[in-house]
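work-v6.json (JSON, C-alpha atoms (C1' of nucleotides)) appears below.
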```json
[["chain", "number", "residue", "atom", "x", "y", "z"],
["A", 1, "MET", "CA", 126.28, -108.97, -46.30],
["A", 2, "ALA", "CA", 128.08, -107.38, -43.43],
["A", 3, "ARG", "CA", 127.30, -107.43, -39.76],
["A", 4, "ALA", "CA", 124.06, -105.78, -38.72],
["A", 5, "ALA", "CA", 124.37, -102.10, -37.93],
["A", 6, "THR", "CA", 124.98, -101.15, -34.34],
["A", 7, "THR", "CA", 121.83, -99.06, -34.58],
["A", 8, "THR", "CA", 119.71, -102.04, -35.55],
["A", 9, "ASP", "CA", 118.57, -102.80, -32.04],
["A", 10, "ALA", "CA", 119.60, -102.68, -28.41],
["A", 11, "PHE", "CA", 121.43, -106.01, -28.70],
["A", 12, "ASN", "CA", 123.84, -104.58, -31.24],
["A", 13, "ALA", "CA", 124.15, -101.19, -29.59],
["A", 14, "VAL", "CA", 124.98, -102.71, -26.24],
["A", 15, "ALA", "CA", 127.57, -105.12, -27.58],
["A", 16, "GLU", "CA", 130.10, -102.29, -27.38],
["A", 17, "PRO", "CA", 131.58, -102.07, -23.86],
["A", 18, "ARG", "CA", 131.98, -98.31, -23.99],
["A", 19, "ARG", "CA", 128.30, -97.92, -24.65],
["A", 20, "ARG", "CA", 127.46, -100.10, -21.69],
["A", 21, "GLN", "CA", 129.73, -97.92, -19.59],
["A", 22, "ILE", "CA", 127.88, -94.85, -20.79],
["A", 23, "LEU", "CA", 124.56, -96.41, -19.90],
["A", 24, "ASP", "CA", 125.92, -97.32, -16.47],
["A", 25, "LEU", "CA", 126.88, -93.71, -15.93],
["A", 26, "LEU", "CA", 123.53, -92.45, -17.15],
["A", 27, "ALA", "CA", 121.81, -94.85, -14.79],
["A", 28, "THR", "CA", 122.77, -92.42, -12.04],
["A", 29, "GLY", "CA", 120.89, -89.61, -13.73],
["A", 30, "GLU", "CA", 121.22, -86.97, -16.37],
["A", 31, "HIS", "CA", 124.72, -86.11, -17.51],
["A", 32, "ALA", "CA", 126.25, -83.65, -19.94],
["A", 33, "VAL", "CA", 128.56, -84.96, -22.62],
["A", 34, "ASN", "CA", 131.63, -83.53, -20.97],
["A", 35, "ASP", "CA", 130.79, -85.31, -17.74],
["A", 36, "LEU", "CA", 130.88, -88.58, -19.63],
["A", 37, "VAL", "CA", 134.06, -87.59, -21.44],
["A", 38, "ALA", "CA", 135.77, -86.92, -18.13],
["A", 39, "ALA", "CA", 134.45, -90.07, -16.49],
["A", 40, "LEU", "CA", 135.38, -92.32, -19.40],
["A", 41, "GLY", "CA", 138.69, -90.78, -20.39],
["A", 42, "VAL", "CA", 137.68, -91.01, -24.03],
["A", 43, "ALA", "CA", 137.91, -88.31, -26.67],
["A", 44, "GLN", "CA", 134.80, -86.18, -26.92],
["A", 45, "PRO", "CA", 133.93, -86.98, -30.55],
["A", 46, "GLN", "CA", 133.88, -90.70, -29.83],
["A", 47, "VAL", "CA", 131.58, -90.16, -26.87],
["A", 48, "SER", "CA", 129.22, -88.11, -29.02],
["A", 49, "LYS", "CA", 129.21, -90.86, -31.61],
["A", 50, "HIS", "CA", 128.42, -93.52, -29.03],
["A", 51, "LEU", "CA", 125.63, -91.34, -27.72],
["A", 52, "ARG", "CA", 124.25, -91.01, -31.21],
["A", 53, "VAL", "CA", 124.07, -94.78, -31.54],
["A", 54, "LEU", "CA", 122.38, -95.08, -28.16],
["A", 55, "ARG", "CA", 119.92, -92.37, -29.12],
["A", 56, "GLU", "CA", 119.09, -94.00, -32.45],
["A", 57, "VAL", "CA", 118.06, -97.22, -30.74],
["A", 58, "GLY", "CA", 116.09, -95.30, -28.11],
["A", 59, "LEU", "CA", 118.34, -96.12, -25.18],
["A", 60, "VAL", "CA", 118.95, -92.49, -24.27],
["A", 61, "GLU", "CA", 117.21, -89.18, -24.69],
["A", 62, "VAL", "CA", 118.63, -85.69, -24.93],
["A", 63, "ARG", "CA", 117.61, -82.35, -23.54],
["A", 64, "ASP", "CA", 119.15, -79.02, -24.41],
["A", 65, "GLU", "CA", 120.24, -76.88, -21.53],
["A", 66, "GLY", "CA", 122.15, -73.82, -22.61],
["A", 67, "ARG", "CA", 125.18, -74.94, -24.47],
["A", 68, "GLN", "CA", 125.11, -78.33, -22.88],
["A", 69, "ARG", "CA", 123.19, -81.38, -23.97],
["A", 70, "LEU", "CA", 121.97, -83.48, -21.10],
["A", 71, "TYR", "CA", 121.56, -87.17, -21.81],
["A", 72, "ARG", "CA", 119.42, -89.48, -19.76],
["A", 73, "LEU", "CA", 118.70, -93.18, -19.82],
["A", 74, "ASP", "CA", 115.55, -94.62, -21.30],
["A", 75, "GLY", "CA", 115.69, -98.18, -20.12],
["A", 76, "ARG", "CA", 112.61, -99.34, -21.97],
["A", 77, "SER", "CA", 114.67, -100.32, -25.00],
["A", 78, "LEU", "CA", 116.61, -102.71, -22.80],
["A", 79, "LYS", "CA", 113.51, -104.74, -22.06],
["A", 80, "PRO", "CA", 113.82, -107.01, -25.12],
["A", 81, "ILE", "CA", 117.26, -108.06, -23.95],
["A", 82, "HIS", "CA", 115.96, -108.67, -20.47],
["A", 83, "ASP", "CA", 113.02, -110.66, -21.73],
["A", 84, "TRP", "CA", 115.19, -112.81, -23.93],
["A", 85, "ILE", "CA", 117.85, -113.56, -21.37],
["A", 86, "LYS", "CA", 115.35, -114.15, -18.60],
["A", 87, "ALA", "CA", 114.30, -117.41, -20.21],
["A", 88, "TYR", "CA", 117.84, -118.69, -19.67],
["A", 89, "GLU", "CA", 118.05, -118.00, -15.97],
["A", 90, "ARG", "CA", 117.58, -121.65, -15.18],
["A", 91, "ALA", "CA", 120.34, -122.55, -17.63],
["A", 92, "TRP", "CA", 122.98, -121.77, -15.04],
["A", 93, "GLU", "CA", 120.90, -122.50, -11.98],
["A", 94, "ALA", "CA", 119.90, -126.02, -12.94],
["A", 95, "ARG", "CA", 121.58, -128.92, -11.25],
["A", 96, "PHE", "CA", 123.38, -130.49, -14.18],
["A", 97, "GLU", "CA", 124.92, -127.18, -15.04],
["A", 98, "ALA", "CA", 125.98, -126.80, -11.45],
["A", 99, "MET", "CA", 127.56, -130.21, -11.76],
["A", 100, "ASP", "CA", 129.55, -129.07, -14.76],
["A", 101, "GLU", "CA", 130.69, -126.14, -12.73],
["A", 102, "VAL", "CA", 131.82, -128.39, -9.93],
["A", 103, "LEU", "CA", 133.73, -130.56, -12.35],
["A", 104, "ASP", "CA", 135.41, -127.52, -13.85],
["A", 105, "ASP", "CA", 136.42, -126.35, -10.43],
["A", 106, "LEU", "CA", 137.92, -129.73, -9.69],
["A", 107, "LYS", "CA", 139.85, -129.68, -12.93],
["A", 108, "ARG", "CA", 141.14, -126.23, -12.12],
["A", 109, "GLN", "CA", 142.39, -127.43, -8.75],
["A", 110, "GLU", "CA", 144.54, -130.11, -10.34],
["A", 111, "HIS", "CA", 147.32, -127.63, -10.96],
["B", 1, "MET", "CA", 139.80, -99.84, -35.29],
["B", 2, "ALA", "CA", 136.92, -101.97, -36.36],
["B", 3, "ARG", "CA", 134.11, -103.39, -34.32],
["B", 4, "ALA", "CA", 135.03, -105.93, -31.68],
["B", 5, "ALA", "CA", 135.04, -109.51, -32.89],
["B", 6, "THR", "CA", 131.83, -111.46, -32.49],
["B", 7, "THR", "CA", 133.87, -113.97, -30.52],
["B", 8, "THR", "CA", 134.99, -111.39, -28.00],
["B", 9, "ASP", "CA", 132.23, -112.13, -25.50],
["B", 10, "ALA", "CA", 128.64, -113.25, -25.18],
["B", 11, "PHE", "CA", 127.37, -109.71, -25.76],
["B", 12, "ASN", "CA", 128.87, -109.62, -29.24],
["B", 13, "ALA", "CA", 128.04, -113.21, -30.08],
["B", 14, "VAL", "CA", 124.41, -112.78, -29.14],
["B", 15, "ALA", "CA", 123.93, -109.55, -31.06],
["B", 16, "GLU", "CA", 123.28, -111.67, -34.12],
["B", 17, "PRO", "CA", 119.61, -112.74, -34.29],
["B", 18, "ARG", "CA", 120.37, -116.07, -35.94],
["B", 19, "ARG", "CA", 122.65, -116.99, -33.09],
["B", 20, "ARG", "CA", 119.94, -116.16, -30.58],
["B", 21, "GLN", "CA", 117.60, -118.38, -32.56],
["B", 22, "ILE", "CA", 120.12, -121.19, -32.41],
["B", 23, "LEU", "CA", 120.45, -120.79, -28.66],
["B", 24, "ASP", "CA", 116.67, -120.80, -28.35],
["B", 25, "LEU", "CA", 116.56, -124.09, -30.20],
["B", 26, "LEU", "CA", 119.35, -125.55, -28.12],
["B", 27, "ALA", "CA", 117.55, -124.50, -24.98],
["B", 28, "THR", "CA", 115.22, -127.42, -25.63],
["B", 29, "GLY", "CA", 118.08, -129.88, -25.56],
["B", 30, "GLU", "CA", 120.84, -131.34, -27.64],
["B", 31, "HIS", "CA", 120.53, -130.99, -31.40],
["B", 32, "ALA", "CA", 122.51, -132.09, -34.41],
["B", 33, "VAL", "CA", 123.57, -129.49, -36.94],
["B", 34, "ASN", "CA", 121.09, -130.68, -39.52],
["B", 35, "ASP", "CA", 118.25, -130.33, -37.04],
["B", 36, "LEU", "CA", 119.14, -126.68, -36.70],
["B", 37, "VAL", "CA", 119.56, -126.29, -40.44],
["B", 38, "ALA", "CA", 116.07, -127.65, -41.00],
["B", 39, "ALA", "CA", 114.52, -125.61, -38.22],
["B", 40, "LEU", "CA", 116.14, -122.36, -39.29],
["B", 41, "GLY", "CA", 115.90, -122.72, -43.05],
["B", 42, "VAL", "CA", 119.45, -121.50, -43.37],
["B", 43, "ALA", "CA", 122.26, -123.02, -45.41],
["B", 44, "GLN", "CA", 124.30, -125.57, -43.49],
["B", 45, "PRO", "CA", 127.68, -123.79, -43.74],
["B", 46, "GLN", "CA", 126.25, -120.64, -42.19],
["B", 47, "VAL", "CA", 124.81, -122.63, -39.33],
["B", 48, "SER", "CA", 128.15, -124.31, -38.72],
["B", 49, "LYS", "CA", 129.83, -120.92, -38.69],
["B", 50, "HIS", "CA", 127.36, -119.52, -36.20],
["B", 51, "LEU", "CA", 127.90, -122.58, -34.04],
["B", 52, "ARG", "CA", 131.63, -121.97, -34.17],
["B", 53, "VAL", "CA", 131.19, -118.45, -32.86],
["B", 54, "LEU", "CA", 128.90, -119.70, -30.11],
["B", 55, "ARG", "CA", 131.41, -122.37, -29.20],
["B", 56, "GLU", "CA", 134.32, -119.94, -29.09],
["B", 57, "VAL", "CA", 132.56, -117.81, -26.50],
["B", 58, "GLY", "CA", 131.54, -120.87, -24.52],
["B", 59, "LEU", "CA", 127.83, -120.62, -25.18],
["B", 60, "VAL", "CA", 127.57, -124.12, -26.62],
["B", 61, "GLU", "CA", 129.42, -127.38, -26.35],
["B", 62, "VAL", "CA", 129.77, -130.19, -28.85],
["B", 63, "ARG", "CA", 129.73, -133.93, -28.59],
["B", 64, "ASP", "CA", 130.54, -136.35, -31.37],
["B", 65, "GLU", "CA", 128.03, -139.06, -32.03],
["B", 66, "GLY", "CA", 128.79, -141.07, -35.11],
["B", 67, "ARG", "CA", 128.85, -138.74, -38.05],
["B", 68, "GLN", "CA", 126.76, -136.21, -36.27],
["B", 69, "ARG", "CA", 127.89, -133.47, -33.95],
["B", 70, "LEU", "CA", 125.46, -132.78, -31.17],
["B", 71, "TYR", "CA", 125.45, -129.27, -29.81],
["B", 72, "ARG", "CA", 124.09, -128.32, -26.45],
["B", 73, "LEU", "CA", 123.64, -125.06, -24.61],
["B", 74, "ASP", "CA", 125.98, -123.91, -21.89],
["B", 75, "GLY", "CA", 124.08, -121.04, -20.40],
["B", 76, "ARG", "CA", 126.75, -120.01, -17.95],
["B", 77, "SER", "CA", 128.30, -117.66, -20.49],
["B", 78, "LEU", "CA", 125.01, -115.79, -20.60],
["B", 79, "LYS", "CA", 125.19, -114.88, -16.97],
["B", 80, "PRO", "CA", 127.26, -111.70, -17.50],
["B", 81, "ILE", "CA", 124.52, -110.39, -19.77],
["B", 82, "HIS", "CA", 121.87, -111.33, -17.27],
["B", 83, "ASP", "CA", 123.76, -109.72, -14.42],
["B", 84, "TRP", "CA", 124.29, -106.53, -16.36],
["B", 85, "ILE", "CA", 120.74, -106.14, -17.57],
["B", 86, "LYS", "CA", 119.20, -107.18, -14.29],
["B", 87, "ALA", "CA", 120.35, -103.91, -12.75],
["B", 88, "TYR", "CA", 118.15, -102.07, -15.23],
["B", 89, "GLU", "CA", 114.95, -103.97, -14.52],
["B", 90, "ARG", "CA", 113.50, -101.09, -12.62],
["B", 91, "ALA", "CA", 114.38, -98.64, -15.38],
["B", 92, "TRP", "CA", 111.18, -99.59, -17.15],
["B", 93, "GLU", "CA", 109.12, -100.96, -14.29],
["B", 94, "ALA", "CA", 109.26, -98.17, -11.76],
["B", 95, "ARG", "CA", 110.20, -94.58, -11.26],
["B", 96, "PHE", "CA", 113.63, -93.34, -10.40],
["B", 97, "GLU", "CA", 113.39, -94.27, -6.74],
["B", 98, "ALA", "CA", 115.77, -97.18, -6.86],
["B", 99, "MET", "CA", 118.41, -95.69, -9.10],
["B", 100, "ASP", "CA", 120.96, -95.52, -6.34],
["B", 101, "GLU", "CA", 120.51, -99.19, -5.78],
["B", 102, "VAL", "CA", 121.00, -99.80, -9.49],
["B", 103, "LEU", "CA", 124.24, -97.91, -9.40],
["B", 104, "ASP", "CA", 125.53, -99.88, -6.47],
["B", 105, "ASP", "CA", 124.77, -103.13, -8.23],
["B", 106, "LEU", "CA", 126.56, -101.99, -11.34],
["B", 107, "LYS", "CA", 129.65, -100.91, -9.52],
["B", 108, "ARG", "CA", 129.85, -104.19, -7.70],
["B", 109, "GLN", "CA", 129.57, -106.12, -10.95],
["B", 110, "GLU", "CA", 131.62, -104.63, -13.72],
["B", 111, "HIS", "CA", 134.57, -103.06, -11.97],
["C", 1, "DT", "C1'", 131.68, -58.71, -32.78],
["C", 2, "DT", "C1'", 134.89, -61.48, -30.88],
["C", 3, "DG", "C1'", 136.18, -65.22, -28.39],
["C", 4, "DA", "C1'", 135.67, -69.12, -25.27],
["C", 5, "DC", "C1'", 133.16, -73.13, -24.40],
["C", 6, "DA", "C1'", 130.14, -77.41, -25.59],
["C", 7, "DT", "C1'", 128.90, -80.69, -28.79],
["C", 8, "DA", "C1'", 128.25, -82.78, -33.38],
["C", 9, "DT", "C1'", 129.81, -84.24, -37.83],
["C", 10, "DG", "C1'", 132.86, -85.46, -41.66],
["C", 11, "DC", "C1'", 136.77, -87.93, -43.51],
["C", 12, "DC", "C1'", 140.09, -91.60, -43.12],
["C", 13, "DT", "C1'", 141.91, -96.45, -42.45],
["C", 14, "DA", "C1'", 142.12, -101.12, -40.88],
["C", 15, "DT", "C1'", 139.43, -104.80, -39.81],
["C", 16, "DA", "C1'", 135.81, -108.23, -39.16],
["C", 17, "DT", "C1'", 131.68, -109.45, -40.48],
["C", 18, "DC", "C1'", 127.72, -112.38, -42.99],
["C", 19, "DG", "C1'", 126.00, -114.79, -46.74],
["C", 20, "DG", "C1'", 126.85, -117.57, -50.92],
["C", 21, "DC", "C1'", 129.18, -121.19, -52.82],
["C", 22, "DA", "C1'", 132.69, -124.73, -53.52],
["C", 23, "DT", "C1'", 135.26, -127.98, -51.30],
["C", 24, "DA", "C1'", 137.58, -130.53, -47.62],
["C", 25, "DT", "C1'", 137.13, -133.85, -43.81],
["C", 26, "DA", "C1'", 135.05, -137.57, -41.36],
["C", 27, "DT", "C1'", 132.07, -141.41, -40.59],
["C", 28, "DA", "C1'", 128.82, -145.10, -41.84],
["C", 29, "DG", "C1'", 127.01, -148.60, -44.88],
["C", 30, "DT", "C1'", 127.41, -151.84, -48.73],
["D", 1, "DA", "C1'", 137.11, -149.40, -52.06],
["D", 2, "DC", "C1'", 133.21, -146.78, -53.09],
["D", 3, "DT", "C1'", 129.30, -143.97, -52.04],
["D", 4, "DA", "C1'", 126.15, -141.33, -49.35],
["D", 5, "DT", "C1'", 125.67, -138.59, -45.40],
["D", 6, "DA", "C1'", 127.11, -135.06, -41.89],
["D", 7, "DT", "C1'", 129.72, -131.24, -40.82],
["D", 8, "DA", "C1'", 133.55, -127.89, -41.23],
["D", 9, "DT", "C1'", 136.43, -124.71, -43.70],
["D", 10, "DG", "C1'", 138.17, -121.63, -47.30],
["D", 11, "DC", "C1'", 137.53, -117.83, -50.43],
["D", 12, "DC", "C1'", 134.83, -113.97, -52.12],
["D", 13, "DG", "C1'", 132.42, -109.33, -51.98],
["D", 14, "DA", "C1'", 129.90, -105.71, -49.79],
["D", 15, "DT", "C1'", 129.45, -103.14, -45.82],
["D", 16, "DA", "C1'", 129.75, -100.92, -41.29],
["D", 17, "DT", "C1'", 132.41, -100.29, -37.79],
["D", 18, "DA", "C1'", 135.62, -97.58, -33.98],
["D", 19, "DG", "C1'", 139.18, -94.59, -33.17],
["D", 20, "DG", "C1'", 141.94, -90.45, -34.55],
["D", 21, "DC", "C1'", 141.75, -85.91, -35.92],
["D", 22, "DA", "C1'", 140.05, -81.70, -38.05],
["D", 23, "DT", "C1'", 136.29, -78.88, -38.38],
["D", 24, "DA", "C1'", 131.54, -77.33, -38.32],
["D", 25, "DT", "C1'", 127.60, -75.81, -35.48],
["D", 26, "DG", "C1'", 125.66, -73.67, -31.58],
["D", 27, "DT", "C1'", 125.58, -70.89, -27.33],
["D", 28, "DC", "C1'", 126.94, -67.74, -23.82],
["D", 29, "DA", "C1'", 129.55, -63.54, -22.14],
["D", 30, "DA", "C1'", 132.11, -59.26, -22.35]]
```
Before we go any further, please render this structure as structure tokens.
Amino acid sequence: MARAATTTDAFNAVAEPRRRQILDLLATGEHAVNDLVAALGVAQPQVSKHLRVLREVGLVEVRDEGRQRLYRLDGRSLKPIHDWIKAYERAWEARFEAMDEVLDDLKRQEH
Amino acid sequence: MARAATTTDAFNAVAEPRRRQILDLLATGEHAVNDLVAALGVAQPQVSKHLRVLREVGLVEVRDEGRQRLYRLDGRSLKPIHDWIKAYERAWEARFEAMDEVLDDLKRQEH
DNA sequence: TTGACATATGCCTATATCGGCATATATAGT
DNA sequence: ACTATATATGCCGATATAGGCATATGTCAA
């Protein structure tokens, strides 16, 4: 078997940095594809493909407006990620982890 | 180009469900490989490979104890995911009132 | 209708994956 | 030294990717 498809779920879709960037941009509101192309400095076809992945996992929605297609965020599909990672919040807040961090800092200073 | 390596960052490493399962198990404390094998019902080599990926991105650490290797969670590498997704909390909880705030958070974090 | 603009899709290639399975390495016990 | 146990690694095959680039589809305007 190969790796799970990027369209399998939000976890896979969001593993790609460019797609996170796109979501970050869409977090400010609706944007046409060309807006994203300009903001990202990426070729238009690649942006459209990333948007297709995001749409297939329900992270964005489209709306036709003339010859433009306006994409907007639908953050609900991000909730599973949030719910999963939330259980780990204490994993870097706990004291023994903080101790590890302190030790690492000390090691780093020995240069 | 192909997809980014699973060992690129926590986002890619955690996109695989089995690896999330492993982290969930390790969240309860140190575990030997065979413990995980038994709990997951997966062949031992695959578990070792998943653990290698998790170790390469700093999500787990190993400790030798006799002929066993005890793995434990290091949740600090999950923080980037948490920080990124945290900005979207309101995207499914509330209306678009706080979107400006979301944007500010994002800009402060990733760039 | 023609042409400009906006977006999507198709084809290509190189690459990394995951699982299955065999095997190598390491340690403990007798 | 030999054997059982614990874990890691190597090779295989099938598959999906991301970017590059050409092209198709769709829409407006003169």
Exercise for the section: Calculate how many Å separate atom C1' of C:DA24 from atom CA of B:Val60, rounding to one decimal. Expected result: 24.1 Å
Practice task
Write out as JSON, numbers by chain each polymer residue whose atoms come within 10 Å of stretch 54-59 of chain A, counting all atoms listed in the file; drop sequence neighbours fewer than 2 positions from it.
Solution key: {"A": [6, 7, 8, 9, 10, 11, 12, 13, 14, 19, 20, 22, 23, 48, 49, 50, 51, 52, 61, 62, 71, 72, 73, 74, 75, 76, 77, 78]}
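RMSD of chain A versus chain B, all Cα atoms, in-order pairing, least-squares fit: 9.1 Å.
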Give me the residues near C:DG20 as a PDB file with C-alpha atoms (C1' of nucleotides), in the frame of the given file, where near means some atom within 12 Å (using all atoms listed in the file) and where sequence neighbours in that chain fewer than 2 positions away do not count.
```pdb
ATOM      1  CA  MET A   1     126.280-108.970 -46.300  1.00  0.00           C
TER       2      MET A   1
ATOM      3  CA  VAL B  42     119.450-121.500 -43.370  1.00  0.00           C
ATOM      4  CA  ALA B  43     122.260-123.020 -45.410  1.00  0.00           C
ATOM      5  CA  GLN B  44     124.300-125.570 -43.490  1.00  0.00           C
ATOM      6  CA  PRO B  45     127.680-123.790 -43.740  1.00  0.00           C
ATOM      7  CA  GLN B  46     126.250-120.640 -42.190  1.00  0.00           C
TER       8      GLN B  46
ATOM      9  C1'  DC C  18     127.720-112.380 -42.990  1.00  0.00           C
ATOM     10  C1'  DA C  22     132.690-124.730 -53.520  1.00  0.00           C
TER      11       DA C  22
ATOM     12  C1'  DC D  11     137.530-117.830 -50.430  1.00  0.00           C
ATOM     13  C1'  DC D  12     134.830-113.970 -52.120  1.00  0.00           C
ATOM     14  C1'  DG D  13     132.420-109.330 -51.980  1.00  0.00           C
TER      15       DG D  13
END
```
Practice task
Could you list, as a VMD selection string, the residues of chain D having an atom within 12 Å of chain A when counting all atoms listed in the file?
Solution key: chain D and resid 12 to 23 25 to 28
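Residues from chain C found within 10 Å of chain B are C:DT13, C:DA14, C:DT15, C:DA16, C:DT17, C:DC18, C:DG19, C:DG20, C:DC21, C:DA26, C:DT27, C:DA28, counting only C-alpha atoms (C1' of nucleotides).
Taking atom CA of A:Ile85 and atom CA of B:Asp83 as endpoints, the distance between them is 9.9 Å.
For the pair atom C1' of C:DT25 and atom CA of B:Ala38, the separation is 22.1 Å.
Residue nearest C:DG10, chosen from D:DA30, D:DA24, D:DA8, D:DC2 and counting all atoms listed in the file: D:DA24.
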Exercise for the section: Tell me which protein, DNA and RNA residues are within 9 Å of B:Leu40, counting only C-alpha atoms (C1' of nucleotides), leaving out same-chain ones fewer than 4 positions away, and put them as an NGL selection string. Expected result: :B and (18 or 21-22 or 35-36 or 47)
